[in-house]
file data37.txt (compact mmCIF, C-alpha atoms (C1' of nucleotides))
# COMPACT_ATOMS: atom_id res chain seq x y z
CA MET S 1 -2.24 15.58 -7.37
CA GLY S 2 -3.54 13.57 -10.31
CA THR S 3 -4.60 9.96 -10.09
CA ARG S 4 -1.47 8.80 -11.86
CA ASP S 5 0.72 10.44 -9.24
CA LYS S 6 -1.44 9.05 -6.45
CA ILE S 7 -0.98 5.54 -7.83
CA LEU S 8 2.76 6.02 -8.00
CA THR S 9 2.93 7.43 -4.48
CA GLN S 10 0.84 4.64 -3.00
CA ALA S 11 2.71 1.99 -4.97
CA THR S 12 6.00 3.26 -3.57
CA ALA S 13 4.60 3.36 -0.05
CA HIS S 14 3.23 -0.18 -0.33
CA LEU S 15 6.48 -1.39 -1.82
CA LYS S 16 8.38 -0.20 1.25
CA GLU S 17 5.86 -1.83 3.56
CA VAL S 18 5.28 -5.24 2.04
CA GLY S 19 8.14 -5.67 -0.42
CA LEU S 20 8.18 -6.29 -4.16
CA ALA S 21 6.91 -9.86 -3.98
CA ARG S 22 3.71 -8.88 -2.20
CA LEU S 23 3.01 -5.64 -4.04
CA SER S 24 -0.64 -5.88 -5.15
CA LEU S 25 -2.52 -3.73 -7.63
CA ARG S 26 -5.78 -4.23 -5.76
CA GLN S 27 -4.19 -3.01 -2.52
CA ILE S 28 -2.73 0.01 -4.29
CA ALA S 29 -6.14 0.73 -5.80
CA VAL S 30 -7.77 0.67 -2.36
CA SER S 31 -5.24 3.21 -1.05
CA VAL S 32 -5.87 5.46 -4.02
CA GLY S 33 -9.65 5.11 -3.71
CA ILE S 34 -10.37 3.46 -7.03
CA LYS S 35 -10.87 -0.10 -8.31
CA ALA S 36 -7.96 -2.11 -9.66
CA PRO S 37 -8.89 -2.07 -13.37
CA SER S 38 -8.96 1.74 -13.32
CA ILE S 39 -5.21 1.65 -12.81
CA TYR S 40 -4.99 0.56 -16.42
CA GLU S 41 -6.26 3.97 -17.49
CA HIS S 42 -2.94 5.38 -16.26
CA PHE S 43 -0.44 2.54 -16.68
CA ARG S 44 -0.20 -0.17 -19.29
CA SER S 45 0.80 -2.81 -16.75
CA LYS S 46 2.14 -3.44 -13.25
CA GLU S 47 5.57 -3.59 -14.85
CA GLU S 48 5.18 0.00 -16.04
CA ILE S 49 4.44 1.18 -12.48
CA ILE S 50 7.57 -0.55 -11.23
CA ASP S 51 9.52 1.02 -14.09
CA ALA S 52 8.40 4.44 -12.89
CA ILE S 53 9.40 3.67 -9.30
CA ARG S 54 12.76 2.51 -10.56
CA GLU S 55 13.24 5.71 -12.48
CA ASN S 56 12.65 7.73 -9.30
CA ALA S 57 14.98 5.48 -7.32
CA ALA S 58 17.79 5.90 -9.83
CA GLN S 59 17.43 9.67 -9.70
CA SER S 60 17.32 9.76 -5.91
CA LEU S 61 20.33 7.46 -5.56
CA THR S 62 22.36 9.48 -8.04
CA LEU S 63 21.49 12.67 -6.16
CA GLN S 64 22.61 11.27 -2.83
CA MET S 65 25.89 10.12 -4.35
CA THR S 66 26.50 13.51 -5.90
CA GLU S 67 25.79 15.32 -2.65
CA ALA S 68 28.01 12.95 -0.67
CA ALA S 69 30.86 13.65 -3.06
CA LEU S 70 30.63 17.43 -2.73
CA ALA S 71 33.15 19.51 -0.79
CA ARG S 72 35.53 16.74 0.20
CA GLU S 73 39.23 17.02 0.91
CA SER S 74 40.24 15.11 -2.18
CA PRO S 75 38.76 13.33 -5.20
CA GLU S 76 39.65 10.08 -3.46
CA ASP S 77 37.57 11.07 -0.47
CA SER S 78 34.74 12.03 -2.83
CA LEU S 79 34.83 8.60 -4.44
CA ILE S 80 34.78 6.89 -1.07
CA GLN S 81 31.94 9.02 0.24
CA ALA S 82 29.94 8.48 -2.93
CA GLY S 83 30.41 4.75 -2.39
CA VAL S 84 29.36 4.98 1.24
CA ALA S 85 26.26 6.93 0.19
CA TYR S 86 25.42 4.20 -2.34
CA VAL S 87 25.55 1.50 0.32
CA LEU S 88 23.65 3.67 2.78
CA TYR S 89 20.87 4.20 0.26
CA ALA S 90 20.65 0.46 -0.31
CA ILE S 91 20.22 -0.17 3.40
CA THR S 92 17.80 2.63 4.25
CA GLU S 93 15.70 2.19 1.10
CA GLN S 94 16.03 -1.56 0.86
CA GLU S 95 12.88 -2.39 -1.07
CA THR S 96 13.34 0.49 -3.49
CA PHE S 97 16.95 -0.47 -4.03
CA GLN S 98 15.90 -4.04 -4.73
CA VAL S 99 13.60 -2.81 -7.49
CA PHE S 100 16.40 -0.64 -8.75
CA PHE S 101 19.06 -3.27 -9.12
CA GLN S 102 16.91 -6.27 -9.91
CA LEU S 103 15.60 -5.27 -13.29
CA MET S 104 17.36 -2.08 -14.34
CA ARG S 105 19.13 -2.28 -17.67
CA THR S 106 21.39 0.19 -19.39
CA LYS S 107 20.17 1.48 -22.70
CA ARG S 108 23.85 1.85 -23.53
CA ARG S 109 25.08 -1.25 -25.31
CA THR S 110 28.72 -0.58 -26.20
CA LEU S 111 31.61 1.45 -24.88
CA THR S 112 31.43 3.79 -27.85
CA GLU S 113 27.92 4.98 -26.95
CA LYS S 114 27.57 7.96 -24.67
CA VAL S 115 27.05 7.38 -20.94
CA SER S 116 23.61 8.55 -19.86
CA GLU S 117 23.76 11.29 -17.26
CA ASP S 118 22.11 11.06 -13.86
CA SER S 119 23.18 7.46 -13.33
CA PRO S 120 25.37 6.16 -10.50
CA TYR S 121 27.87 5.05 -13.11
CA SER S 122 28.24 8.52 -14.58
CA VAL S 123 28.89 9.94 -11.10
CA ILE S 124 31.63 7.38 -10.52
CA SER S 125 33.33 7.87 -13.86
CA GLY S 126 33.20 11.65 -13.43
CA LEU S 127 34.90 11.36 -10.06
CA PHE S 128 37.54 9.03 -11.48
CA VAL S 129 38.51 11.65 -14.04
CA GLU S 130 38.99 14.10 -11.16
CA TYR S 131 40.90 11.48 -9.20
CA PHE S 132 43.55 11.06 -11.89
CA LYS S 133 43.67 14.73 -12.73
CA ASP S 134 44.40 15.39 -9.05
CA ARG S 135 47.29 12.91 -9.10
CA GLY S 136 48.69 14.40 -12.27
CA LYS S 137 48.33 11.13 -14.16
CA THR S 138 47.01 10.85 -17.67
CA ILE S 139 44.69 7.96 -18.37
CA SER S 140 42.75 6.71 -21.38
CA GLN S 141 38.97 6.86 -21.57
CA GLU S 142 38.94 3.07 -21.80
CA LYS S 143 40.76 2.68 -18.50
CA ILE S 144 38.45 5.20 -16.84
CA GLU S 145 35.55 2.99 -17.89
CA GLU S 146 37.27 -0.15 -16.68
CA LEU S 147 38.01 1.39 -13.29
CA SER S 148 34.52 2.87 -12.98
CA TYR S 149 33.03 -0.53 -13.71
CA GLY S 150 35.32 -2.09 -11.12
CA TYR S 151 34.57 0.45 -8.44
CA TRP S 152 30.87 0.20 -9.17
CA SER S 153 31.14 -3.58 -8.82
CA LEU S 154 32.76 -3.12 -5.44
CA ILE S 155 30.21 -0.69 -3.99
CA HIS S 156 27.27 -2.45 -5.60
CA GLY S 157 28.47 -5.79 -4.28
CA ALA S 158 28.82 -4.34 -0.79
CA ALA S 159 25.31 -2.89 -1.03
CA VAL S 160 23.77 -6.14 -2.26
CA LEU S 161 25.59 -8.37 0.22
CA ARG S 162 24.58 -6.13 3.10
CA THR S 163 20.92 -6.28 2.13
CA THR S 164 20.81 -9.99 1.30
CA PHE S 165 23.40 -12.47 2.59
CA LEU S 166 24.59 -10.37 5.47
CA LYS S 167 21.28 -8.99 6.64
CA GLY S 168 21.30 -9.31 10.40
CA PHE S 169 25.04 -9.86 10.63
CA LYS S 170 26.64 -7.67 13.28
CA ALA S 171 29.92 -5.98 12.35
CA ASP S 172 31.39 -2.56 11.67
CA PHE S 173 30.65 -2.60 7.96
CA GLU S 174 31.01 1.16 7.56
CA GLN S 175 34.68 1.00 8.53
CA ALA S 176 35.26 -2.15 6.48
CA ASP S 177 33.67 -0.57 3.41
CA THR S 178 35.69 2.61 3.73
CA ASN S 179 38.90 0.59 4.05
CA ASN S 180 38.02 -1.65 1.11
CA PHE S 181 37.02 1.24 -1.13
CA HIS S 182 40.35 2.85 -0.27
CA ARG S 183 42.18 -0.35 -1.15
CA PHE S 184 40.64 -0.50 -4.60
CA LEU S 185 41.44 3.13 -5.32
CA LEU S 186 45.03 2.61 -4.22
CA GLY S 187 45.31 -0.42 -6.48
CA SER S 188 43.90 1.66 -9.33
CA LEU S 189 46.95 3.90 -9.27
CA GLU S 190 49.39 1.03 -9.53
CA VAL S 191 47.82 -1.06 -12.26
CA ILE S 192 47.18 1.03 -15.33
CA MET U 1 14.81 -41.65 -8.30
CA GLY U 2 12.18 -40.83 -5.69
CA THR U 3 9.38 -38.36 -6.25
CA ARG U 4 11.06 -35.78 -4.05
CA ASP U 5 14.16 -35.85 -6.21
CA LYS U 6 12.05 -35.71 -9.37
CA ILE U 7 10.31 -32.59 -8.09
CA LEU U 8 13.64 -30.97 -7.31
CA THR U 9 15.10 -31.89 -10.70
CA GLN U 10 12.09 -30.61 -12.62
CA ALA U 11 11.88 -27.47 -10.48
CA THR U 12 15.51 -26.68 -11.28
CA ALA U 13 14.96 -27.35 -14.98
CA HIS U 14 11.87 -25.13 -15.06
CA LEU U 15 13.68 -22.42 -13.13
CA LYS U 16 16.36 -22.25 -15.81
CA GLU U 17 13.75 -22.11 -18.56
CA VAL U 18 11.18 -19.64 -17.29
CA GLY U 19 12.92 -17.86 -14.41
CA LEU U 20 12.06 -17.52 -10.76
CA ALA U 21 9.11 -15.18 -11.28
CA ARG U 22 7.26 -17.64 -13.50
CA LEU U 23 8.15 -20.85 -11.68
CA SER U 24 4.85 -22.66 -11.18
CA LEU U 25 4.08 -25.63 -8.93
CA ARG U 26 1.39 -26.87 -11.32
CA GLN U 27 3.88 -26.88 -14.21
CA ILE U 28 6.45 -28.72 -12.11
CA ALA U 29 3.80 -31.24 -11.13
CA VAL U 30 2.93 -31.90 -14.79
CA SER U 31 6.61 -32.59 -15.57
CA VAL U 32 6.86 -34.98 -12.65
CA GLY U 33 3.60 -36.71 -13.57
CA ILE U 34 1.58 -35.88 -10.46
CA LYS U 35 -0.95 -33.23 -9.44
CA ALA U 36 0.13 -30.04 -7.74
CA PRO U 37 -1.21 -30.77 -4.23
CA SER U 38 0.83 -33.98 -4.11
CA ILE U 39 3.95 -31.87 -4.03
CA TYR U 40 2.97 -31.00 -0.48
CA GLU U 41 3.59 -34.60 0.54
CA HIS U 42 7.29 -33.94 -0.08
CA PHE U 43 7.75 -30.22 0.59
CA ARG U 44 6.07 -27.95 3.09
CA SER U 45 5.88 -25.06 0.60
CA LYS U 46 7.19 -23.63 -2.65
CA GLU U 47 9.70 -21.75 -0.52
CA GLU U 48 11.13 -25.03 0.75
CA ILE U 49 11.71 -26.23 -2.82
CA ILE U 50 13.55 -23.03 -3.63
CA ASP U 51 15.58 -23.44 -0.44
CA ALA U 52 16.69 -26.85 -1.65
CA ILE U 53 17.65 -25.48 -5.07
CA ARG U 54 19.61 -22.74 -3.34
CA GLU U 55 21.45 -25.29 -1.23
CA ASN U 56 22.54 -27.14 -4.38
CA ALA U 57 23.55 -23.89 -6.07
CA ALA U 58 25.72 -22.84 -3.13
CA GLN U 59 27.48 -26.20 -3.16
CA SER U 60 28.01 -26.15 -6.92
CA LEU U 61 29.30 -22.58 -6.91
CA THR U 62 31.70 -23.30 -4.06
CA LEU U 63 33.00 -26.35 -5.89
CA GLN U 64 33.67 -24.41 -9.09
CA MET U 65 35.53 -21.75 -7.14
CA THR U 66 37.63 -24.34 -5.37
CA GLU U 67 38.51 -26.10 -8.60
CA ALA U 68 39.37 -22.83 -10.33
CA ALA U 69 41.76 -21.96 -7.50
CA LEU U 70 43.65 -25.26 -7.71
CA ALA U 71 47.15 -25.57 -9.16
CA ARG U 72 47.77 -21.90 -9.88
CA GLU U 73 51.10 -20.11 -10.02
CA SER U 74 50.43 -18.10 -6.90
CA PRO U 75 47.80 -17.54 -4.22
CA GLU U 76 47.04 -14.24 -5.96
CA ASP U 77 46.31 -16.06 -9.17
CA SER U 78 44.13 -18.50 -7.23
CA LEU U 79 42.10 -15.63 -5.78
CA ILE U 80 41.65 -14.07 -9.20
CA GLN U 81 40.65 -17.36 -10.83
CA ALA U 82 38.21 -18.11 -8.02
CA GLY U 83 36.67 -14.69 -8.66
CA VAL U 84 36.47 -15.30 -12.39
CA ALA U 85 34.81 -18.65 -11.72
CA TYR U 86 32.26 -16.93 -9.47
CA VAL U 87 31.30 -14.48 -12.21
CA LEU U 88 31.26 -17.23 -14.83
CA TYR U 89 28.88 -19.28 -12.72
CA ALA U 90 26.59 -16.27 -12.37
CA ILE U 91 26.45 -15.81 -16.13
CA THR U 92 26.09 -19.43 -17.20
CA GLU U 93 23.63 -20.35 -14.43
CA GLN U 94 21.86 -17.03 -14.31
CA GLU U 95 18.52 -18.11 -12.90
CA THR U 96 20.07 -20.38 -10.33
CA PHE U 97 22.46 -17.67 -9.28
CA GLN U 98 19.57 -15.27 -8.90
CA VAL U 99 17.91 -17.67 -6.48
CA PHE U 100 21.20 -18.07 -4.70
CA PHE U 101 21.96 -14.42 -4.03
CA GLN U 102 18.45 -13.08 -3.74
CA LEU U 103 17.37 -14.80 -0.58
CA MET U 104 20.40 -16.58 0.86
CA ARG U 105 21.24 -15.59 4.41
CA THR U 106 24.20 -16.50 6.59
CA LYS U 107 23.37 -18.41 9.72
CA ARG U 108 26.50 -16.76 11.12
CA ARG U 109 25.55 -13.57 12.92
CA THR U 110 28.80 -12.20 14.40
CA LEU U 111 32.51 -12.29 13.62
CA THR U 112 33.16 -14.49 16.65
CA GLU U 113 31.06 -17.34 15.27
CA LYS U 114 32.72 -19.92 13.10
CA VAL U 115 32.50 -19.57 9.32
CA SER U 116 30.46 -22.36 7.76
CA GLU U 117 32.47 -24.45 5.33
CA ASP U 118 31.50 -25.01 1.70
CA SER U 119 30.51 -21.39 1.20
CA PRO U 120 32.04 -18.99 -1.31
CA TYR U 121 33.12 -16.81 1.59
CA SER U 122 35.09 -19.59 3.26
CA VAL U 123 36.90 -20.28 -0.03
CA ILE U 124 37.87 -16.64 -0.31
CA SER U 125 39.06 -16.27 3.28
CA GLY U 126 41.05 -19.49 3.01
CA LEU U 127 42.80 -18.18 -0.09
CA PHE U 128 43.52 -14.85 1.61
CA VAL U 129 45.36 -16.64 4.40
CA GLU U 130 47.52 -18.32 1.74
CA TYR U 131 47.98 -15.00 -0.02
CA PHE U 132 49.53 -13.34 3.01
CA LYS U 133 51.49 -16.40 4.04
CA ASP U 134 53.01 -16.40 0.55
CA ARG U 135 54.05 -12.76 0.92
CA GLY U 136 55.54 -13.39 4.33
CA LYS U 137 53.19 -10.90 5.97
CA THR U 138 51.41 -11.52 9.24
CA ILE U 139 47.82 -10.37 9.43
CA SER U 140 45.09 -10.51 12.06
CA GLN U 141 42.00 -12.70 11.68
CA GLU U 142 39.89 -9.53 11.74
CA LYS U 143 41.70 -8.10 8.75
CA ILE U 144 41.39 -11.37 6.86
CA GLU U 145 37.64 -11.13 7.37
CA GLU U 146 37.55 -7.51 6.29
CA LEU U 147 39.49 -8.27 3.12
CA SER U 148 37.46 -11.37 2.36
CA TYR U 149 34.28 -9.35 2.70
CA GLY U 150 35.74 -6.67 0.42
CA TYR U 151 36.88 -9.12 -2.22
CA TRP U 152 33.58 -10.92 -2.07
CA SER U 153 31.81 -7.58 -2.55
CA LEU U 154 33.90 -6.96 -5.64
CA ILE U 155 33.33 -10.31 -7.34
CA HIS U 156 29.70 -10.48 -6.27
CA GLY U 157 29.10 -6.96 -7.54
CA ALA U 158 30.69 -7.85 -10.87
CA ALA U 159 28.53 -10.97 -11.09
CA VAL U 160 25.32 -9.12 -10.25
CA LEU U 161 26.00 -6.16 -12.54
CA ARG U 162 26.80 -8.45 -15.44
CA THR U 163 23.54 -10.35 -15.04
CA THR U 164 21.31 -7.33 -14.39
CA PHE U 165 22.34 -3.80 -15.39
CA LEU U 166 24.89 -4.80 -17.96
CA LYS U 167 23.05 -7.71 -19.57
CA GLY U 168 23.49 -7.25 -23.28
CA PHE U 169 26.32 -4.76 -22.96
CA LYS U 170 29.22 -5.62 -25.23
CA ALA U 171 32.71 -5.28 -23.75
CA ASP U 172 35.69 -7.38 -22.69
CA PHE U 173 34.48 -7.92 -19.16
CA GLU U 174 36.74 -10.91 -18.54
CA GLN U 175 39.83 -8.75 -18.95
CA ALA U 176 38.31 -5.88 -16.97
CA ASP U 177 37.38 -8.20 -14.10
CA THR U 178 40.82 -9.77 -13.98
CA ASN U 179 42.43 -6.33 -13.89
CA ASN U 180 40.05 -5.05 -11.23
CA PHE U 181 40.44 -8.12 -9.03
CA HIS U 182 44.19 -7.65 -9.32
CA ARG U 183 43.85 -4.00 -8.32
CA PHE U 184 41.98 -4.85 -5.15
CA LEU U 185 44.49 -7.52 -4.15
CA LEU U 186 47.34 -5.10 -4.71
CA GLY U 187 45.60 -2.50 -2.56
CA SER U 188 45.13 -5.13 0.12
CA LEU U 189 48.87 -5.38 0.62
CA GLU U 190 49.32 -1.66 1.12
CA VAL U 191 46.50 -0.83 3.47
CA ILE U 192 46.59 -3.10 6.51
C1' DC Q 1 -28.00 24.33 -28.14
C1' DA Q 2 -27.41 19.37 -29.79
C1' DG Q 3 -24.00 16.00 -30.83
C1' DC Q 4 -19.72 14.03 -30.32
C1' DT Q 5 -15.48 12.58 -28.35
C1' DC Q 6 -12.55 11.37 -24.80
C1' DA Q 7 -10.90 10.71 -20.18
C1' DC Q 8 -12.04 8.17 -16.36
C1' DC Q 9 -14.37 5.25 -13.52
C1' DC Q 10 -17.13 1.02 -12.85
C1' DT Q 11 -18.58 -4.40 -12.60
C1' DA Q 12 -17.89 -9.04 -14.23
C1' DA Q 13 -15.01 -12.34 -15.56
C1' DC Q 14 -10.81 -15.02 -17.27
C1' DA Q 15 -6.86 -17.61 -16.43
C1' DC Q 16 -3.60 -18.13 -13.45
C1' DT Q 17 -1.21 -18.70 -8.62
C1' DG Q 18 0.05 -21.21 -3.80
C1' DT Q 19 -2.29 -23.77 -0.59
C1' DT Q 20 -5.74 -26.61 2.33
C1' DA Q 21 -9.45 -30.08 3.25
C1' DG Q 22 -10.72 -34.43 2.87
C1' DG Q 23 -11.04 -38.91 0.69
C1' DG Q 24 -9.03 -43.16 -1.53
C1' DT Q 25 -5.39 -46.85 -2.16
C1' DT Q 26 -1.28 -49.34 -1.37
C1' DT Q 27 2.36 -50.93 1.62
C1' DA Q 28 4.48 -52.26 5.85
C1' DT Q 29 4.01 -53.25 10.80
C1' DT Q 30 1.87 -54.94 14.94
C1' DA B 1 -6.69 -59.32 10.67
C1' DA B 2 -6.19 -54.57 12.16
C1' DT B 3 -3.73 -50.38 12.13
C1' DA B 4 -0.84 -46.84 10.62
C1' DA B 5 1.69 -44.35 7.48
C1' DA B 6 2.99 -42.90 2.83
C1' DC B 7 1.28 -41.20 -1.20
C1' DC B 8 -1.78 -39.89 -4.59
C1' DC B 9 -6.21 -37.80 -5.93
C1' DT B 10 -10.33 -34.06 -6.67
C1' DA B 11 -12.52 -29.88 -5.19
C1' DA B 12 -12.11 -25.62 -3.57
C1' DC B 13 -10.42 -21.11 -1.37
C1' DA B 14 -8.44 -16.75 -1.61
C1' DG B 15 -5.55 -14.28 -3.97
C1' DT B 16 -3.11 -12.38 -8.43
C1' DG B 17 -2.63 -9.44 -13.13
C1' DT B 18 -5.42 -8.38 -16.82
C1' DT B 19 -9.35 -7.74 -20.36
C1' DA B 20 -14.12 -6.83 -22.04
C1' DG B 21 -17.59 -3.88 -22.07
C1' DG B 22 -20.60 -0.39 -20.09
C1' DG B 23 -21.66 4.21 -17.87
C1' DT B 24 -20.96 9.21 -16.72
C1' DG B 25 -19.43 13.79 -17.05
C1' DA B 26 -16.43 17.54 -19.19
C1' DG B 27 -15.23 19.98 -23.08
C1' DC B 28 -15.09 20.86 -27.84
C1' DT B 29 -17.53 21.45 -32.48
C1' DG B 30 -21.25 21.96 -35.93

call {"tool": "encode", "arguments": {"input": "data37.txt", "output": "structure tokens"}}
result
Amino acid sequence: MGTRDKILTQATAHLKEVGLARLSLRQIAVSVGIKAPSIYEHFRSKEEIIDAIRENAAQSLTLQMTEAALARESPEDSLIQAGVAYVLYAITEQETFQVFFQLMRTKRRTLTEKVSEDSPYSVISGLFVEYFKDRGKTISQEKIEELSYGYWSLIHGAAVLRTTFLKGFKADFEQADTNNFHRFLLGSLEVI
Amino acid sequence: MGTRDKILTQATAHLKEVGLARLSLRQIAVSVGIKAPSIYEHFRSKEEIIDAIRENAAQSLTLQMTEAALARESPEDSLIQAGVAYVLYAITEQETFQVFFQLMRTKRRTLTEKVSEDSPYSVISGLFVEYFKDRGKTISQEKIEELSYGYWSLIHGAAVLRTTFLKGFKADFEQADTNNFHRFLLGSLEVI
DNA sequence: CAGCTCACCCTAACACTGTTAGGGTTTATT
DNA sequence: AATAAACCCTAACAGTGTTAGGGTGAGCTG
């Protein structure tokens, strides 16, 4: 394993331990076995290291969503399970998720541009197409995007609330999330 | 205006200008006209200043939601307008909103404890009670909480996505949000 | 083989951060 | 008149990301 990979590995490990706010280049350097300035031989800045972590997180999250959606009874169930997986990832990989959502930006700037693959959004919109195909309803690309954005808002909001405001709050969130995701999907069929 | 209030005012102003990451006590002190260590006569730490800003933000956000919900055609419209106001606050007061959602925690720890007033959540749950009363449906307190949590997830998710991932993305989000909020509320009536 | 380049590491230092120690001055109270 | 508290100060500590500039070894080229 090259030094660059070591830095990335140790940075990720430290992130999970101490959180984004206390992530220190000098500490990472100690773990790798080099001095802090040597990091700059492999990355242009601390920001660039975090970018790389974020990239990995996005890939990992997308994978877990995709796997959760596989082999379900119905497209609706796939959408719900993908949502549950999203929230689960946020809770189990809290610090990584924080990095993911805090600074990530789409390169896509308008609806006419192509959706980049391997993003949570593309998983959702793909499943929505299946969802309407399954119900025998035709739907415009625009509405698919609107619904995907809405559903993403819902699951992302649940993920963020659980890891911030509601951290430490005791309740059966899994059931509540499943019910709420179902509610949105039901409403999607009515309002087109 | 006392020094404590000056510090708070300048801290809020600086927050909006440079963002949370670059908020500096020495810069705040310059604006106030004192030296940095003197801040510690009025606040125990930087964290305590941010706590105070967050308190103000929560109050202001709650107020805007309440006002947006007033004098609407129906409780459903009130819920939607409260949601729109939430997202609007997030966009216009981006840095303040970031402080608000990033570290805020409920003091409430279980469903049996009382909901604190003057919080966005209490506004939502209050409007949900009206919503079901208006429709002539009876609903348990538990379900009100579940729905309020779900609706909050939706509007919070929309707010966060708009200010992070989707910053710079051009689309008619206002219309999309309104439609999506409507979808969730419609689904709420079906699945109880 | 000698000379050169380049990747990779180093130390020293800069400009910043939140925070603490300790001293001075003014104001109000005993 | 003495004391206490509120409030400001300077100096300094321990930490941060980052840059400047120097050394060392591997590998390529004449």

call {"tool": "closest_residue", "arguments": {"input": "data37.txt", "among": "B:DA1, B:DC7, B:DC13, B:DA20", "to": "chain S", "atoms": "all atoms listed in the file"}}
result
B:DA20

call {"tool": "residues_near_point", "arguments": {"input": "data37.txt", "point": "(-9.9, 1.2, -15.0)", "cutoff": "6 Å", "atoms": "only C-alpha atoms (C1' of nucleotides)", "output": "list in words"}}
result
Pro37, Ser38, Ile39, Tyr40 and Glu41 of chain S

call {"tool": "interface_residues", "arguments": {"input": "data37.txt", "of": "chain Q", "to": "chain U", "cutoff": "8 Å", "atoms": "all atoms listed in the file", "output": "ChimeraX atom specification"}}
result
/Q:17-19

call {"tool": "atom_distance", "arguments": {"input": "data37.txt", "atom1": "atom CA of Gln141 of chain S", "atom2": "atom CA of Asn180 of chain S"}}
result
24.2 Å

call {"tool": "closest_residue", "arguments": {"input": "data37.txt", "among": "Q:DG3, Q:DC9, Q:DG22, Q:DA28", "to": "DA5 of chain B", "atoms": "all atoms listed in the file"}}
result
Q:DA28

call {"tool": "interface_residues", "arguments": {"input": "data37.txt", "of": "chain S", "to": "chain U", "cutoff": "6 Å", "atoms": "all atoms listed in the file", "output": "PyMOL selection string"}}
result
chain S and resi 104-106+109-110+146+150+153-154+156-158+165+169-170+176+180+183-184+186-188

call {"tool": "closest_atom_pairs", "arguments": {"input": "data37.txt", "of": "chain B", "to": "chain S", "cutoff": "10 Å", "atoms": "all atoms listed in the file", "output": "JSON lines"}}
result
{"residue": "B:DG15", "atom": "C1'", "partner": "S:Ser24", "partner_atom": "CA", "distance": 9.8}
{"residue": "B:DT16", "atom": "C1'", "partner": "S:Ser24", "partner_atom": "CA", "distance": 7.7}
{"residue": "B:DG17", "atom": "C1'", "partner": "S:Lys46", "partner_atom": "CA", "distance": 7.7}
{"residue": "B:DT18", "atom": "C1'", "partner": "S:Pro37", "partner_atom": "CA", "distance": 8.0}
{"residue": "B:DT19", "atom": "C1'", "partner": "S:Pro37", "partner_atom": "CA", "distance": 9.0}

call {"tool": "closest_residue", "arguments": {"input": "data37.txt", "among": "U:Leu8, U:Met1, U:Gly136, U:Gly126", "to": "Glu55 of chain U", "atoms": "only C-alpha atoms"}}
result
U:Leu8

call {"tool": "closest_residue", "arguments": {"input": "data37.txt", "among": "U:Thr12, U:Thr3, U:Ser116, U:Ser122", "to": "Gln94 of chain U", "atoms": "only C-alpha atoms"}}
result
U:Thr12

call {"tool": "atom_distance", "arguments": {"input": "data37.txt", "atom1": "atom CA of Ile91 of chain U", "atom2": "atom CA of Asn56 of chain S"}}
result
28.1 Å

call {"tool": "closest_residue", "arguments": {"input": "data37.txt", "among": "Q:DC16, Q:DA21, Q:DC10, Q:DT26", "to": "DC8 of chain B", "atoms": "only C-alpha atoms (C1' of nucleotides)"}}
result
Q:DT26
